[in-house]
Amino acid sequence: MKIAAIAAGALFALAATSSACAQAWPEKPVTLIMPFPAGGPSDALGRAVAAKLGPRLGVSVVVENVGGAGGSIGMQKLARAAADGYTIGFGTIGTHAANMIMYRKPLYDARKDFEPLGQVGSAPLLLLVRQSLPVNDFPQFADYLQAHKATMSYGSAGVGSIAHLACLLLLSDMKAEVMHVPYKGVAPAMTGLMGGETDFMCDQTTTSLAQAASGRVRAVAVLTREPFPGLPKVATAQSSGRTAIDFRSWNALFAPRGTPPAIVDKLNAAINDALADPALVKQMRDVGVEFPARADNTPGRLARLVDSEISRLRPILEAKNVYID
């Protein structure tokens, strides 16, 4: 009985200490690990959110770029960080779903190594073609692809990038094999498409809207269930009967596993407060980024999203034999 009483007392003391620490948190700046190089779309979104998150927490949120291996290096650093709320990280469908399947030896476990905090935006994907490709909508693209798939190619920002994943899903649904041309980033991939080096590309609106709106490339379909208001004349692939094609890039914040629940709750509340900022909403909406409703943006929902995306991507990536050693 004495041992049980001592154990119970120890647990109570630990809980009380954890609660007291959570109430005092944060007392110093918070570091946001960005697992991609500076200057890209993820970095831009992460920095915009960090700028709004800091005032809600009462401390600075400092962005630290730790790029490499499709985001794996940065996420590994986050997984190994102290679970005290002072280090959080920026995750994507690539870091938290695709990397778990493509890498034969992942550097972390997306399900077990992190505490989900909340989403920080998603964006639709567009099917883009070079100007000289003689198609104007998705049905024409589908017909052209079936007739010329042996000689066609598509570009992406690299193996496992959002652009690569979206085109894999598209081609899987169309039961077509087309040569993939991986570039070292989304900018050179877009340059390749504009220059006619590749025939098409699947890219998120955050990096392709300007080129599509200007006519330097042609948007022939929106690859989500809903139309994209920024390009009202471009129909969805689903409207042509491709009901399985529904792909959005998404971004979210995570903390190391073991971060106290009270701190997770504080971070989630601060994230949702930041995403309600009118200036941030307008800034991101102009490039196609949508924020989730507050009631839907919970740690539990984010955990389920990670699970569902891994389950959705696994059969497609395994069938395509997309692996990285």
# chains A, B, ... in the order shown; residues from 1 in each chain; ligands from 1
>>> residues_around(residues="A:His96", least_positions_apart="5", cutoff="8 Å", atoms="only C-alpha atoms", output="PyMOL selection string")
chain A and resi 91+110+306+310
>>> write_last_selection(atoms="N, CA, C and O atoms", output="PDB file, in the first residue's frame")
ATOM      1  N   GLY A  91       4.991  20.503 -41.610  1.00  0.00           N
ATOM      2  CA  GLY A  91       4.872  19.255 -42.359  1.00  0.00           C
ATOM      3  C   GLY A  91       3.933  19.394 -43.541  1.00  0.00           C
ATOM      4  O   GLY A  91       3.116  20.325 -43.600  1.00  0.00           O
ATOM      5  N   ALA A 110       6.001   9.209 -39.164  1.00  0.00           N
ATOM      6  CA  ALA A 110       5.055  10.335 -39.151  1.00  0.00           C
ATOM      7  C   ALA A 110       3.925  10.130 -38.164  1.00  0.00           C
ATOM      8  O   ALA A 110       3.364  11.101 -37.636  1.00  0.00           O
ATOM      9  N   VAL A 306      -3.315  12.414 -41.660  1.00  0.00           N
ATOM     10  CA  VAL A 306      -2.039  11.741 -41.943  1.00  0.00           C
ATOM     11  C   VAL A 306      -2.276  10.258 -42.214  1.00  0.00           C
ATOM     12  O   VAL A 306      -1.766   9.694 -43.188  1.00  0.00           O
ATOM     13  N   ILE A 310      -1.597   8.426 -45.991  1.00  0.00           N
ATOM     14  CA  ILE A 310      -0.665   7.306 -46.133  1.00  0.00           C
ATOM     15  C   ILE A 310      -1.386   6.116 -46.764  1.00  0.00           C
ATOM     16  O   ILE A 310      -0.866   5.467 -47.685  1.00  0.00           O
TER      17      ILE A 310
END
>>> residues_around(residues="stretch 29-41 of chain A", least_positions_apart="4", cutoff="7 Å", atoms="only C-alpha atoms", output="list in words")
Leu45, Val59, Ser60, Val61, Val62, Val63, Glu64, Asn65, Val66, Gly67, Gly68, Gly71, Ile73, Gly74, Met75, Leu78, Tyr86, Thr87, Ile88, Gly89, Phe90, Thr206 and Thr207 of chain A
>>> closest_residue(among="A:Met194, A:Leu267, A:Ala147, A:Val135", to="A:Thr298", atoms="only C-alpha atoms")
A:Leu267
>>> residues_around(residues="stretch 162-174 of chain A", least_positions_apart="2", cutoff="7 Å", atoms="only C-alpha atoms", output="ChimeraX atom specification")
/A:94,156-160,176-177,201-203,245,247,249
>>> write_last_selection(atoms="all heavy atoms", output="tab-separated table (two decimals), in the first residue's frame")
chain	number	residue	atom	x	y	z
A	94	GLY	N	3.85	15.54	-48.37
A	94	GLY	CA	5.08	14.86	-48.75
A	94	GLY	C	5.84	14.32	-47.56
A	94	GLY	O	6.21	13.15	-47.51
A	156	SER	N	8.28	17.66	-62.87
A	156	SER	CA	7.93	17.88	-61.47
A	156	SER	C	9.11	18.51	-60.76
A	156	SER	O	10.21	18.62	-61.32
A	156	SER	CB	7.56	16.56	-60.77
A	156	SER	OG	8.73	15.85	-60.40
A	157	ALA	N	8.90	18.88	-59.51
A	157	ALA	CA	9.97	19.46	-58.70
A	157	ALA	C	10.88	18.40	-58.11
A	157	ALA	O	11.75	18.71	-57.31
A	157	ALA	CB	9.37	20.30	-57.58
A	158	GLY	N	10.71	17.14	-58.51
A	158	GLY	CA	11.55	16.05	-58.03
A	158	GLY	C	10.72	14.87	-57.57
A	158	GLY	O	9.50	14.99	-57.35
A	159	VAL	N	11.35	13.73	-57.44
A	159	VAL	CA	10.67	12.52	-56.99
A	159	VAL	C	10.08	12.74	-55.60
A	159	VAL	O	10.78	13.16	-54.68
A	159	VAL	CB	11.64	11.33	-56.96
A	159	VAL	CG1	10.95	10.09	-56.39
A	159	VAL	CG2	12.16	11.03	-58.37
A	160	GLY	N	8.79	12.48	-55.48
A	160	GLY	CA	8.12	12.64	-54.20
A	160	GLY	C	7.57	14.03	-53.94
A	160	GLY	O	6.93	14.25	-52.91
A	176	ALA	N	-2.38	5.07	-67.39
A	176	ALA	CA	-1.39	5.44	-68.42
A	176	ALA	C	0.00	5.54	-67.80
A	176	ALA	O	0.15	5.94	-66.64
A	176	ALA	CB	-1.77	6.77	-69.05
A	177	GLU	N	1.00	5.19	-68.56
A	177	GLU	CA	2.40	5.33	-68.17
A	177	GLU	C	3.03	6.41	-69.05
A	177	GLU	O	2.98	6.32	-70.28
A	177	GLU	CB	3.15	4.01	-68.36
A	177	GLU	CG	2.68	2.88	-67.45
A	177	GLU	CD	3.14	3.05	-66.02
A	177	GLU	OE1	4.07	3.86	-65.79
A	177	GLU	OE2	2.57	2.39	-65.13
A	201	MET	N	2.29	19.16	-66.59
A	201	MET	CA	2.76	19.25	-65.21
A	201	MET	C	1.54	19.37	-64.31
A	201	MET	O	0.51	19.94	-64.69
A	201	MET	CB	3.67	20.47	-65.07
A	201	MET	CG	4.27	20.71	-63.70
A	201	MET	SD	5.39	22.15	-63.79
A	201	MET	CE	5.78	22.35	-62.05
A	202	CYS	N	1.63	18.83	-63.12
A	202	CYS	CA	0.58	18.97	-62.11
A	202	CYS	C	1.17	19.82	-60.99
A	202	CYS	O	2.08	19.37	-60.30
A	202	CYS	CB	0.15	17.61	-61.57
A	202	CYS	SG	-0.41	16.45	-62.84
A	203	ASP	N	0.66	21.02	-60.81
A	203	ASP	CA	1.30	21.91	-59.83
A	203	ASP	C	0.25	22.65	-59.03
A	203	ASP	O	-0.86	22.92	-59.50
A	203	ASP	CB	2.21	22.90	-60.55
A	203	ASP	CG	3.14	23.63	-59.59
A	203	ASP	OD1	3.48	23.05	-58.54
A	203	ASP	OD2	3.51	24.76	-59.88
A	245	ILE	N	-10.19	11.62	-58.92
A	245	ILE	CA	-9.14	12.64	-58.94
A	245	ILE	C	-9.53	13.79	-58.02
A	245	ILE	O	-10.40	14.60	-58.34
A	245	ILE	CB	-8.89	13.16	-60.37
A	245	ILE	CG1	-8.43	12.01	-61.27
A	245	ILE	CG2	-7.84	14.27	-60.36
A	245	ILE	CD1	-8.25	12.39	-62.72
A	247	PHE	N	-7.07	15.94	-55.45
A	247	PHE	CA	-5.76	16.05	-54.83
A	247	PHE	C	-5.46	17.50	-54.47
A	247	PHE	O	-5.45	18.37	-55.34
A	247	PHE	CB	-4.67	15.53	-55.76
A	247	PHE	CG	-3.34	15.30	-55.08
A	247	PHE	CD1	-3.07	14.10	-54.46
A	247	PHE	CD2	-2.38	16.29	-55.07
A	247	PHE	CE1	-1.85	13.89	-53.83
A	247	PHE	CE2	-1.17	16.10	-54.44
A	247	PHE	CZ	-0.90	14.89	-53.82
A	249	SER	N	-2.66	19.87	-52.11
A	249	SER	CA	-1.50	19.92	-51.22
A	249	SER	C	-1.98	20.41	-49.87
A	249	SER	O	-2.94	21.19	-49.79
A	249	SER	CB	-0.43	20.87	-51.77
A	249	SER	OG	-0.90	22.21	-51.72
>>> select_by_dssp(residues="stretch 102-214 of chain A", states="strand (DSSP E)", output="list in words")
Phe114, Glu115, Pro116, Leu117, Gly118, Gln119, Val120, Gly121, Ser122, Ala123, Pro124, Leu125, Leu126, Leu127, Leu128, Val129, Ser153, Tyr154, Gly155, Ser156, Met179, His180, Val181, Pro182, Phe200, Met201, Cys202, Asp203 and Gln204 of chain A
>>> residues_around(residues="A:Gly215", least_positions_apart="4", cutoff="10 Å", atoms="only C-alpha atoms", output="PyMOL selection string")
chain A and resi 130-131+194+209-211+219
>>> residues_around(residues="A:Leu280", least_positions_apart="5", cutoff="12 Å", atoms="only C-alpha atoms", output="VMD selection string")
chain A and resid 44 to 53 120 to 121 272 to 275 285 to 287 289 to 291
>>> closest_residue(among="A:Phe114, A:Tyr183, A:Tyr108, A:Tyr103", to="A:Phe254", atoms="only C-alpha atoms")
A:Phe114
>>> closest_residue(among="A:Met100, A:Gly241, A:Ala142, A:Ala293", to="A:Glu318", atoms="only C-alpha atoms")
A:Met100
>>> select_by_dssp(residues="stretch 24-246 of chain A", states="helix (DSSP H, G or I)", output="VMD selection string")
chain A and resid 24 41 to 57 69 to 80 93 to 102 138 to 148 162 to 174 186 to 194 205 to 214 238 to 240
>>> closest_residue(among="A:Leu231, A:Val217, A:Ala279, A:Ala270", to="A:Leu133", atoms="only C-alpha atoms")
A:Val217
>>> residues_around(residues="A:Trp250", least_positions_apart="5", cutoff="8 Å", atoms="only C-alpha atoms", output="PyMOL selection string")
chain A and resi 92-93+119-123
>>> closest_residue(among="A:Arg314, A:Arg56, A:Lys28, A:Arg225", to="A:Gln238", atoms="only C-alpha atoms")
A:Arg225
>>> closest_residue(among="A:Val178, A:Ala255, A:Leu107, A:Leu317", to="A:Ala150", atoms="only C-alpha atoms")
A:Val178
>>> atom_distance(atom1="atom CA of A:Arg294", atom2="atom CA of A:Glu226")
20.2 Å
>>> atom_distance(atom1="atom CA of A:Lys320", atom2="atom CA of A:Lys175")
11.3 Å
>>> atom_distance(atom1="atom CA of A:Arg257", atom2="atom CA of A:Met102")
22.7 Å
>>> residues_around(residues="A:Tyr144", least_positions_apart="3", cutoff="12 Å", atoms="only C-alpha atoms", output="ChimeraX atom specification")
/A:129,133-141,147-152,176,199-200
>>> write_last_selection(atoms="N, CA and C atoms", output="PDB file, in the first residue's frame")
ATOM      1  N   VAL A 129      -0.458  22.391 -69.253  1.00  0.00           N
ATOM      2  CA  VAL A 129       0.194  21.865 -70.457  1.00  0.00           C
ATOM      3  C   VAL A 129       0.989  22.988 -71.121  1.00  0.00           C
ATOM      4  N   LEU A 133       0.755  22.435 -76.955  1.00  0.00           N
ATOM      5  CA  LEU A 133       0.015  21.174 -76.939  1.00  0.00           C
ATOM      6  C   LEU A 133      -1.419  21.458 -77.385  1.00  0.00           C
ATOM      7  N   PRO A 134      -1.927  20.742 -78.396  1.00  0.00           N
ATOM      8  CA  PRO A 134      -3.230  21.081 -78.987  1.00  0.00           C
ATOM      9  C   PRO A 134      -4.425  20.576 -78.180  1.00  0.00           C
ATOM     10  N   VAL A 135      -4.504  20.988 -76.917  1.00  0.00           N
ATOM     11  CA  VAL A 135      -5.640  20.630 -76.070  1.00  0.00           C
ATOM     12  C   VAL A 135      -6.057  21.849 -75.265  1.00  0.00           C
ATOM     13  N   ASN A 136      -7.352  21.962 -74.984  1.00  0.00           N
ATOM     14  CA  ASN A 136      -7.860  23.109 -74.246  1.00  0.00           C
ATOM     15  C   ASN A 136      -8.639  22.742 -72.995  1.00  0.00           C
ATOM     16  N   ASP A 137      -8.980  21.457 -72.857  1.00  0.00           N
ATOM     17  CA  ASP A 137      -9.724  21.036 -71.677  1.00  0.00           C
ATOM     18  C   ASP A 137      -9.344  19.592 -71.349  1.00  0.00           C
ATOM     19  N   PHE A 138      -9.920  19.083 -70.259  1.00  0.00           N
ATOM     20  CA  PHE A 138      -9.510  17.752 -69.819  1.00  0.00           C
ATOM     21  C   PHE A 138      -9.899  16.638 -70.793  1.00  0.00           C
ATOM     22  N   PRO A 139     -11.107  16.618 -71.354  1.00  0.00           N
ATOM     23  CA  PRO A 139     -11.424  15.554 -72.312  1.00  0.00           C
ATOM     24  C   PRO A 139     -10.454  15.523 -73.497  1.00  0.00           C
ATOM     25  N   GLN A 140     -10.076  16.697 -74.008  1.00  0.00           N
ATOM     26  CA  GLN A 140      -9.109  16.733 -75.105  1.00  0.00           C
ATOM     27  C   GLN A 140      -7.745  16.227 -74.647  1.00  0.00           C
ATOM     28  N   PHE A 141      -7.364  16.589 -73.418  1.00  0.00           N
ATOM     29  CA  PHE A 141      -6.088  16.108 -72.883  1.00  0.00           C
ATOM     30  C   PHE A 141      -6.098  14.587 -72.768  1.00  0.00           C
ATOM     31  N   ALA A 147      -3.422   8.782 -77.187  1.00  0.00           N
ATOM     32  CA  ALA A 147      -2.859   8.615 -78.530  1.00  0.00           C
ATOM     33  C   ALA A 147      -1.352   8.838 -78.582  1.00  0.00           C
ATOM     34  N   HIS A 148      -0.794   9.580 -77.607  1.00  0.00           N
ATOM     35  CA  HIS A 148       0.623   9.961 -77.694  1.00  0.00           C
ATOM     36  C   HIS A 148       1.420   9.655 -76.428  1.00  0.00           C
ATOM     37  N   LYS A 149       0.884   8.846 -75.519  1.00  0.00           N
ATOM     38  CA  LYS A 149       1.541   8.644 -74.222  1.00  0.00           C
ATOM     39  C   LYS A 149       2.938   8.057 -74.335  1.00  0.00           C
ATOM     40  N   ALA A 150       3.226   7.338 -75.415  1.00  0.00           N
ATOM     41  CA  ALA A 150       4.552   6.731 -75.570  1.00  0.00           C
ATOM     42  C   ALA A 150       5.639   7.783 -75.785  1.00  0.00           C
ATOM     43  N   THR A 151       5.244   8.961 -76.254  1.00  0.00           N
ATOM     44  CA  THR A 151       6.239   9.997 -76.539  1.00  0.00           C
ATOM     45  C   THR A 151       6.110  11.215 -75.638  1.00  0.00           C
ATOM     46  N   MET A 152       5.136  11.210 -74.735  1.00  0.00           N
ATOM     47  CA  MET A 152       4.920  12.375 -73.879  1.00  0.00           C
ATOM     48  C   MET A 152       5.752  12.295 -72.596  1.00  0.00           C
ATOM     49  N   ALA A 176      -2.376   5.073 -67.393  1.00  0.00           N
ATOM     50  CA  ALA A 176      -1.394   5.444 -68.416  1.00  0.00           C
ATOM     51  C   ALA A 176      -0.003   5.544 -67.800  1.00  0.00           C
ATOM     52  N   ASP A 199       5.624  18.041 -71.624  1.00  0.00           N
ATOM     53  CA  ASP A 199       4.290  18.276 -72.183  1.00  0.00           C
ATOM     54  C   ASP A 199       3.276  18.763 -71.160  1.00  0.00           C
ATOM     55  N   PHE A 200       3.400  18.291 -69.924  1.00  0.00           N
ATOM     56  CA  PHE A 200       2.433  18.715 -68.918  1.00  0.00           C
ATOM     57  C   PHE A 200       3.039  18.636 -67.532  1.00  0.00           C
TER      58      PHE A 200
END
>>> decode(residues="stretch 224-247 of chain A", atoms="N, CA and C atoms", output="PDB file, in the first residue's frame")
ATOM      1  N   THR A 224      -9.068  19.001 -58.143  1.00  0.00           N
ATOM      2  CA  THR A 224      -9.792  18.819 -56.886  1.00  0.00           C
ATOM      3  C   THR A 224     -11.275  18.682 -57.189  1.00  0.00           C
ATOM      4  N   ARG A 225     -12.016  18.289 -56.172  1.00  0.00           N
ATOM      5  CA  ARG A 225     -13.458  18.111 -56.357  1.00  0.00           C
ATOM      6  C   ARG A 225     -14.138  19.442 -56.672  1.00  0.00           C
ATOM      7  N   GLU A 226     -13.668  20.512 -56.028  1.00  0.00           N
ATOM      8  CA  GLU A 226     -14.298  21.811 -56.206  1.00  0.00           C
ATOM      9  C   GLU A 226     -13.557  22.619 -57.262  1.00  0.00           C
ATOM     10  N   PRO A 227     -14.271  23.446 -58.035  1.00  0.00           N
ATOM     11  CA  PRO A 227     -13.606  24.352 -58.976  1.00  0.00           C
ATOM     12  C   PRO A 227     -12.741  25.352 -58.219  1.00  0.00           C
ATOM     13  N   PHE A 228     -11.819  25.963 -58.924  1.00  0.00           N
ATOM     14  CA  PHE A 228     -10.934  26.953 -58.313  1.00  0.00           C
ATOM     15  C   PHE A 228     -11.398  28.356 -58.719  1.00  0.00           C
ATOM     16  N   PRO A 229     -11.822  29.184 -57.750  1.00  0.00           N
ATOM     17  CA  PRO A 229     -12.349  30.519 -58.075  1.00  0.00           C
ATOM     18  C   PRO A 229     -11.366  31.394 -58.843  1.00  0.00           C
ATOM     19  N   GLY A 230     -10.073  31.173 -58.647  1.00  0.00           N
ATOM     20  CA  GLY A 230      -9.075  31.988 -59.338  1.00  0.00           C
ATOM     21  C   GLY A 230      -9.025  31.747 -60.834  1.00  0.00           C
ATOM     22  N   LEU A 231      -9.540  30.598 -61.293  1.00  0.00           N
ATOM     23  CA  LEU A 231      -9.597  30.272 -62.721  1.00  0.00           C
ATOM     24  C   LEU A 231     -10.999  29.731 -63.008  1.00  0.00           C
ATOM     25  N   PRO A 232     -11.995  30.579 -62.998  1.00  0.00           N
ATOM     26  CA  PRO A 232     -13.387  30.125 -63.077  1.00  0.00           C
ATOM     27  C   PRO A 232     -13.748  29.401 -64.377  1.00  0.00           C
ATOM     28  N   LYS A 233     -12.983  29.607 -65.446  1.00  0.00           N
ATOM     29  CA  LYS A 233     -13.294  28.969 -66.725  1.00  0.00           C
ATOM     30  C   LYS A 233     -12.670  27.584 -66.873  1.00  0.00           C
ATOM     31  N   VAL A 234     -11.862  27.192 -65.896  1.00  0.00           N
ATOM     32  CA  VAL A 234     -11.190  25.887 -65.960  1.00  0.00           C
ATOM     33  C   VAL A 234     -11.999  24.878 -65.152  1.00  0.00           C
ATOM     34  N   ALA A 235     -12.486  23.845 -65.809  1.00  0.00           N
ATOM     35  CA  ALA A 235     -13.321  22.842 -65.148  1.00  0.00           C
ATOM     36  C   ALA A 235     -12.467  21.852 -64.358  1.00  0.00           C
ATOM     37  N   THR A 236     -13.102  21.134 -63.466  1.00  0.00           N
ATOM     38  CA  THR A 236     -12.412  20.081 -62.718  1.00  0.00           C
ATOM     39  C   THR A 236     -12.335  18.809 -63.563  1.00  0.00           C
ATOM     40  N   ALA A 237     -11.346  17.970 -63.240  1.00  0.00           N
ATOM     41  CA  ALA A 237     -11.270  16.665 -63.894  1.00  0.00           C
ATOM     42  C   ALA A 237     -12.479  15.823 -63.508  1.00  0.00           C
ATOM     43  N   GLN A 238     -12.988  16.032 -62.303  1.00  0.00           N
ATOM     44  CA  GLN A 238     -14.164  15.276 -61.848  1.00  0.00           C
ATOM     45  C   GLN A 238     -15.383  15.553 -62.713  1.00  0.00           C
ATOM     46  N   SER A 239     -15.490  16.774 -63.232  1.00  0.00           N
ATOM     47  CA  SER A 239     -16.640  17.097 -64.082  1.00  0.00           C
ATOM     48  C   SER A 239     -16.619  16.317 -65.388  1.00  0.00           C
ATOM     49  N   SER A 240     -15.463  15.719 -65.706  1.00  0.00           N
ATOM     50  CA  SER A 240     -15.353  14.877 -66.900  1.00  0.00           C
ATOM     51  C   SER A 240     -15.483  13.394 -66.559  1.00  0.00           C
ATOM     52  N   GLY A 241     -15.915  13.121 -65.324  1.00  0.00           N
ATOM     53  CA  GLY A 241     -16.146  11.734 -64.923  1.00  0.00           C
ATOM     54  C   GLY A 241     -15.018  11.098 -64.157  1.00  0.00           C
ATOM     55  N   ARG A 242     -13.924  11.813 -63.947  1.00  0.00           N
ATOM     56  CA  ARG A 242     -12.786  11.255 -63.198  1.00  0.00           C
ATOM     57  C   ARG A 242     -12.991  11.506 -61.707  1.00  0.00           C
ATOM     58  N   THR A 243     -13.943  10.801 -61.123  1.00  0.00           N
ATOM     59  CA  THR A 243     -14.367  11.081 -59.752  1.00  0.00           C
ATOM     60  C   THR A 243     -13.316  10.746 -58.700  1.00  0.00           C
ATOM     61  N   ALA A 244     -12.302   9.963 -59.065  1.00  0.00           N
ATOM     62  CA  ALA A 244     -11.266   9.610 -58.095  1.00  0.00           C
ATOM     63  C   ALA A 244     -10.189  10.684 -57.998  1.00  0.00           C
ATOM     64  N   ILE A 245     -10.187  11.620 -58.919  1.00  0.00           N
ATOM     65  CA  ILE A 245      -9.141  12.642 -58.940  1.00  0.00           C
ATOM     66  C   ILE A 245      -9.534  13.789 -58.016  1.00  0.00           C
ATOM     67  N   ASP A 246      -8.924  13.823 -56.861  1.00  0.00           N
ATOM     68  CA  ASP A 246      -9.185  14.865 -55.870  1.00  0.00           C
ATOM     69  C   ASP A 246      -7.917  15.021 -55.045  1.00  0.00           C
ATOM     70  N   PHE A 247      -7.071  15.942 -55.451  1.00  0.00           N
ATOM     71  CA  PHE A 247      -5.758  16.051 -54.825  1.00  0.00           C
ATOM     72  C   PHE A 247      -5.461  17.501 -54.473  1.00  0.00           C
TER      73      PHE A 247
END
